[in-house]
file target19.cif (mmCIF, C-alpha atoms)
data_run
#
loop_
_atom_site.label_atom_id
_atom_site.label_comp_id
_atom_site.auth_asym_id
_atom_site.auth_seq_id
_atom_site.Cartn_x
_atom_site.Cartn_y
_atom_site.Cartn_z
CA MET A 73 -191.24 -63.71 -85.04
CA ALA A 74 -190.54 -63.06 -81.34
CA THR A 75 -187.08 -61.86 -80.41
CA ASN A 76 -184.98 -63.45 -77.67
CA THR A 77 -185.79 -60.49 -75.40
CA GLU A 78 -189.50 -60.94 -75.97
CA LYS A 79 -189.24 -64.68 -75.32
CA LYS A 80 -187.37 -64.05 -72.07
CA SER A 81 -189.97 -61.49 -71.01
CA ALA A 82 -192.80 -63.91 -71.78
CA GLY A 83 -191.03 -66.68 -69.90
CA HIS A 84 -190.49 -64.41 -66.92
CA LYS A 85 -194.18 -63.49 -66.83
CA GLU A 86 -195.16 -67.14 -67.09
CA GLN A 87 -192.91 -67.97 -64.14
CA GLU A 88 -194.43 -65.11 -62.15
CA ARG A 89 -197.94 -66.43 -62.87
CA TYR A 90 -196.86 -69.91 -61.82
CA ASP A 91 -195.25 -68.68 -58.60
CA LYS A 92 -198.33 -66.61 -57.78
CA GLY A 93 -200.54 -69.64 -58.40
CA VAL A 94 -198.43 -71.79 -56.07
CA GLU A 95 -198.55 -69.08 -53.42
CA THR A 96 -202.34 -68.80 -53.73
CA GLN A 97 -202.81 -72.56 -53.44
CA GLU A 98 -200.60 -72.58 -50.35
CA ARG A 99 -202.63 -69.77 -48.77
CA LEU A 100 -205.84 -71.67 -49.46
CA LEU A 101 -204.45 -74.89 -47.99
CA GLU A 102 -203.20 -73.11 -44.88
CA ALA A 103 -206.54 -71.36 -44.42
CA ALA A 104 -208.50 -74.57 -44.96
CA ASP A 105 -206.20 -76.45 -42.58
CA GLU A 106 -206.78 -73.95 -39.77
CA LEU A 107 -210.55 -73.91 -40.27
CA PHE A 108 -210.98 -77.67 -40.60
CA ILE A 109 -209.02 -78.19 -37.38
CA THR A 110 -211.17 -75.77 -35.38
CA ARG A 111 -214.57 -76.38 -36.98
CA GLY A 112 -214.44 -79.73 -38.74
CA PHE A 113 -215.31 -80.49 -42.35
CA ASP A 114 -219.05 -79.87 -42.04
CA GLY A 115 -218.55 -76.60 -40.16
CA VAL A 116 -216.52 -74.95 -42.92
CA SER A 117 -217.76 -73.52 -46.21
CA VAL A 118 -215.81 -72.65 -49.34
CA ASN A 119 -216.63 -69.02 -48.67
CA ASP A 120 -215.12 -69.32 -45.16
CA VAL A 121 -211.88 -70.60 -46.67
CA ALA A 122 -211.77 -67.82 -49.26
CA GLN A 123 -212.33 -65.12 -46.64
CA HIS A 124 -209.75 -66.63 -44.28
CA ALA A 125 -207.20 -66.78 -47.11
CA GLY A 126 -208.06 -63.27 -48.28
CA VAL A 127 -208.89 -64.30 -51.84
CA ALA A 128 -211.97 -64.37 -54.07
CA LYS A 129 -214.24 -67.39 -53.66
CA ALA A 130 -213.86 -68.18 -57.36
CA LEU A 131 -210.16 -68.88 -56.80
CA VAL A 132 -210.99 -71.75 -54.45
CA PHE A 133 -212.91 -73.47 -57.23
CA TYR A 134 -210.19 -72.59 -59.74
CA TYR A 135 -207.59 -74.56 -57.80
CA PHE A 136 -209.87 -77.10 -56.11
CA LYS A 137 -213.06 -78.38 -57.71
CA SER A 138 -214.92 -78.74 -54.41
CA LYS A 139 -214.63 -78.45 -50.65
CA GLN A 140 -214.05 -82.21 -50.57
CA GLU A 141 -211.09 -81.92 -52.94
CA LEU A 142 -209.69 -79.13 -50.77
CA PHE A 143 -210.03 -81.26 -47.63
CA ASP A 144 -208.40 -84.20 -49.40
CA ALA A 145 -205.49 -81.93 -50.37
CA VAL A 146 -205.07 -80.90 -46.72
CA LEU A 147 -204.97 -84.56 -45.67
CA ASP A 148 -202.61 -85.42 -48.51
CA ARG A 149 -200.05 -82.93 -47.21
CA TYR A 150 -200.18 -84.46 -43.74
CA TYR A 151 -199.95 -88.03 -44.90
CA GLN A 152 -197.13 -87.38 -47.35
CA SER A 153 -195.15 -85.81 -44.52
CA GLN A 154 -196.02 -88.70 -42.22
CA ALA A 155 -195.02 -91.32 -44.79
CA GLN A 156 -191.71 -89.58 -45.42
CA ALA A 157 -190.96 -89.47 -41.69
CA LEU A 158 -191.58 -93.22 -41.33
CA MET A 159 -189.58 -94.03 -44.45
CA ASP A 160 -186.66 -92.04 -43.08
CA ALA A 161 -186.93 -93.93 -39.80
CA MET A 162 -186.89 -97.29 -41.58
CA GLY A 163 -183.79 -96.30 -43.50
CA ASN A 164 -181.79 -94.93 -40.58
CA GLY A 165 -179.68 -98.09 -40.28
CA ALA A 166 -181.21 -99.42 -37.05
CA ARG A 167 -181.08 -103.22 -37.08
CA ASP A 168 -182.25 -104.23 -33.63
CA THR A 169 -186.04 -104.40 -33.20
CA ARG A 170 -185.92 -102.12 -30.18
CA GLU A 171 -183.86 -99.57 -32.10
CA ARG A 172 -186.27 -99.64 -35.03
CA ILE A 173 -189.28 -99.13 -32.78
CA HIS A 174 -187.66 -96.24 -30.93
CA ALA A 175 -186.54 -94.69 -34.22
CA GLY A 176 -190.06 -95.00 -35.58
CA ILE A 177 -191.59 -93.35 -32.52
CA ASP A 178 -189.09 -90.50 -32.68
CA ALA A 179 -189.96 -89.96 -36.34
CA TYR A 180 -193.68 -89.97 -35.59
CA LEU A 181 -193.30 -87.61 -32.64
CA ASP A 182 -191.25 -85.28 -34.85
CA PHE A 183 -194.07 -85.30 -37.39
CA ILE A 184 -196.74 -84.56 -34.77
CA GLU A 185 -194.71 -81.76 -33.18
CA LYS A 186 -194.34 -80.11 -36.58
CA ASN A 187 -198.07 -80.57 -37.22
CA PRO A 188 -199.78 -80.12 -33.83
CA GLY A 189 -203.24 -79.61 -35.34
CA TYR A 190 -203.16 -82.94 -37.20
CA SER A 191 -204.32 -85.10 -34.29
CA ARG A 192 -207.28 -82.80 -33.51
CA LEU A 193 -208.30 -82.71 -37.16
CA ILE A 194 -208.32 -86.50 -37.45
CA GLN A 195 -210.05 -87.04 -34.10
CA ARG A 196 -212.76 -84.51 -34.97
CA GLU A 197 -213.54 -86.23 -38.25
CA ILE A 198 -213.53 -89.73 -36.74
CA CYS A 199 -215.79 -88.74 -33.84
CA SER A 200 -218.25 -87.01 -36.17
CA SER A 201 -218.51 -90.13 -38.37
CA SER A 202 -218.03 -87.87 -41.34
CA ARG A 203 -217.82 -88.82 -44.99
CA ASN A 204 -214.04 -88.62 -44.67
CA LEU A 205 -213.64 -91.84 -42.67
CA ASN A 206 -212.75 -93.85 -45.76
CA LYS A 207 -210.13 -91.28 -46.69
CA ILE A 208 -208.62 -91.42 -43.21
CA MET A 209 -208.67 -95.22 -43.23
CA GLN A 210 -206.97 -95.24 -46.62
CA TYR A 211 -204.09 -93.23 -45.23
CA MET A 212 -203.91 -95.22 -42.00
CA ALA A 213 -202.98 -98.30 -44.02
CA PRO A 214 -199.30 -97.35 -44.63
CA LEU A 215 -198.88 -96.48 -40.95
CA TYR A 216 -200.34 -99.85 -39.95
CA GLN A 217 -198.18 -101.66 -42.50
CA TRP A 218 -195.12 -99.92 -41.09
CA GLY A 219 -196.04 -101.20 -37.64
CA GLN A 220 -196.49 -104.71 -38.97
CA SER A 221 -193.11 -104.61 -40.71
CA VAL A 222 -191.38 -103.47 -37.52
CA PHE A 223 -193.13 -105.91 -35.20
CA GLY A 224 -193.47 -108.78 -37.66
CA GLY A 225 -191.93 -111.97 -36.33
CA LEU A 226 -191.71 -110.55 -32.81
CA LEU A 227 -195.35 -110.53 -31.77
CA ARG A 228 -198.35 -112.77 -32.24
CA ALA A 229 -200.82 -112.31 -35.06
CA ASP A 230 -203.90 -112.55 -32.82
CA GLY A 231 -204.97 -112.19 -29.20
CA PRO A 232 -204.42 -109.59 -26.46
CA LEU A 233 -200.64 -109.63 -26.98
CA SER A 234 -200.81 -109.37 -30.76
CA ALA A 235 -198.93 -106.90 -32.92
CA LYS A 236 -202.09 -104.95 -33.74
CA HIS A 237 -202.81 -104.15 -30.07
CA PHE A 238 -199.19 -103.34 -29.36
CA PHE A 239 -199.11 -101.00 -32.33
CA MET A 240 -202.33 -99.20 -31.37
CA THR A 241 -201.12 -98.76 -27.79
CA ILE A 242 -197.95 -97.09 -29.02
CA PHE A 243 -199.92 -95.01 -31.53
CA GLY A 244 -202.25 -93.85 -28.74
CA MET A 245 -199.33 -92.88 -26.51
CA ALA A 246 -197.83 -90.86 -29.31
CA ILE A 247 -200.88 -88.97 -30.53
CA ASN A 248 -203.24 -88.50 -27.56
CA TYR A 249 -200.94 -86.09 -25.75
CA TYR A 250 -201.19 -83.65 -28.65
CA THR A 251 -204.95 -84.13 -28.92
CA TYR A 252 -205.43 -83.12 -25.29
CA ALA A 253 -202.69 -80.47 -25.21
CA PRO A 254 -205.18 -77.53 -25.30
CA VAL A 255 -206.64 -78.57 -21.91
CA LEU A 256 -203.43 -79.74 -20.24
CA GLY A 257 -201.94 -76.28 -19.77
CA PRO A 258 -204.49 -75.07 -17.16
CA LEU A 259 -204.28 -78.43 -15.35
CA TRP A 260 -200.50 -78.59 -15.21
CA GLY A 261 -199.68 -74.91 -15.02
CA VAL A 262 -197.15 -75.27 -17.84
CA ASP A 263 -197.28 -75.10 -21.61
CA PRO A 264 -197.59 -78.76 -22.73
CA MET A 265 -196.28 -77.76 -26.16
CA GLY A 266 -193.21 -76.02 -24.74
CA LYS A 267 -189.76 -77.39 -25.53
CA LYS A 268 -189.16 -78.76 -22.02
CA ALA A 269 -192.60 -80.39 -21.76
CA LEU A 270 -192.29 -82.04 -25.16
CA ALA A 271 -188.83 -83.41 -24.34
CA GLU A 272 -190.20 -84.78 -21.06
CA ARG A 273 -193.14 -86.38 -22.83
CA ARG A 274 -190.87 -87.98 -25.42
CA GLU A 275 -188.67 -89.43 -22.69
CA HIS A 276 -191.78 -90.82 -20.99
CA VAL A 277 -192.99 -92.46 -24.22
CA HIS A 278 -189.62 -94.14 -24.74
CA ALA A 279 -189.61 -95.34 -21.11
CA MET A 280 -193.09 -96.84 -21.55
CA LEU A 281 -191.94 -98.48 -24.76
CA GLU A 282 -189.11 -100.20 -22.92
CA THR A 283 -191.54 -101.43 -20.26
CA LEU A 284 -193.91 -102.79 -22.90
CA LEU A 285 -191.12 -104.44 -24.85
CA ASP A 286 -189.73 -106.08 -21.72
CA ALA A 287 -193.19 -107.47 -20.90
CA TYR A 288 -193.81 -108.71 -24.43
CA LEU A 289 -190.40 -110.28 -24.83
CA GLN A 290 -190.74 -112.01 -21.46
CA GLU A 291 -194.06 -113.45 -22.62
CA TYR A 292 -192.52 -114.85 -25.76
CA ARG A 293 -189.55 -116.54 -24.11
#
call {"tool": "encode", "arguments": {"input": "target19.cif", "output": "structure tokens"}}
result
Amino acid sequence: MATNTEKKSAGHKEQERYDKGVETQERLLEAADELFITRGFDGVSVNDVAQHAGVAKALVFYYFKSKQELFDAVLDRYYQSQAQALMDAMGNGARDTRERIHAGIDAYLDFIEKNPGYSRLIQREICSSSRNLNKIMQYMAPLYQWGQSVFGGLLRADGPLSAKHFFMTIFGMAINYYTYAPVLGPLWGVDPMGKKALAERREHVHAMLETLLDAYLQEYR
């Protein structure tokens, strides 16, 4: 029968194995994330991910059954973070519609700034008409539903001034800047991802939001 010391030693080793496994999975996800952003899903192999992570190829299949499962795990991390950001925005106590919209945009911009490669990853997959479109659409649903909940009752259901167009305009303002950031630096002569540039961009987005809201509210009076 194992002694208490032996049990503690076994438990310690089990914890070490668990921690090492978590660390390995994280390395694989980070490596896959970087490669998928720069090359796209079809341009990355399981061997590429293993080499980039500095682990044996067999470990990729140990933690993820396929490249598709690995890609889905990368997307899952992004969308869980995105969903949490929007949930936090909805629960921040803002009651006025304008306040809720501004809070939502701030939350989304915070998410994008923390995950600057996200927009390029999604755009690459959409433009390539890859097999991952259904996965992306699946995760777009909560974001769209959030927009509907914020704008519901304020905007029309159909037509050029409908909630869906308003929402997509705001979404485009928020995400396109980060998509084009790699080519903006040489054009502007400043780092578009620098602290000052990002603060300026955020202020611009909020100003445009106010202009849009004024126009929409005037239309509905």
call {"tool": "resolve_selection", "arguments": {"input": "target19.cif", "expression": "the PyMOL selection byres ((chain A and resi 189) around 12)", "output": "PyMOL selection string"}}
result
chain A and resi 102+105-112+146-147+150+183-188+190-196+247-254+265
call {"tool": "residues_near_point", "arguments": {"input": "target19.cif", "point": "(-218.7, -89.2, -47.3)", "cutoff": "12 Å", "atoms": "only C-alpha atoms", "output": "number ranges by chain"}}
result
A: 113-114, 139-141, 143-144, 197-198, 200-208
call {"tool": "atom_distance", "arguments": {"input": "target19.cif", "atom1": "atom CA of A:Leu259", "atom2": "atom CA of A:Arg273"}}
result
15.6 Å
call {"tool": "axis_aligned_box", "arguments": {"input": "target19.cif", "around": "stretch 262-271 of chain A", "padding_each_side": "4 Å", "output": "JSON"}}
result
{"center_x": -193.2, "center_y": -79.3, "center_z": -22.0, "size_x": 16.8, "size_y": 16.3, "size_z": 16.3}
call {"tool": "atom_distance", "arguments": {"input": "target19.cif", "atom1": "atom CA of A:Ala246", "atom2": "atom CA of A:Ala179"}}
result
10.6 Å
call {"tool": "atom_distance", "arguments": {"input": "target19.cif", "atom1": "atom CA of A:Gln97", "atom2": "atom CA of A:Arg149"}}
result
12.4 Å
call {"tool": "closest_residue", "arguments": {"input": "target19.cif", "among": "A:Leu227, A:Ala279, A:Ile242, A:Ala213", "to": "A:Tyr151", "atoms": "only C-alpha atoms"}}
result
A:Ala213
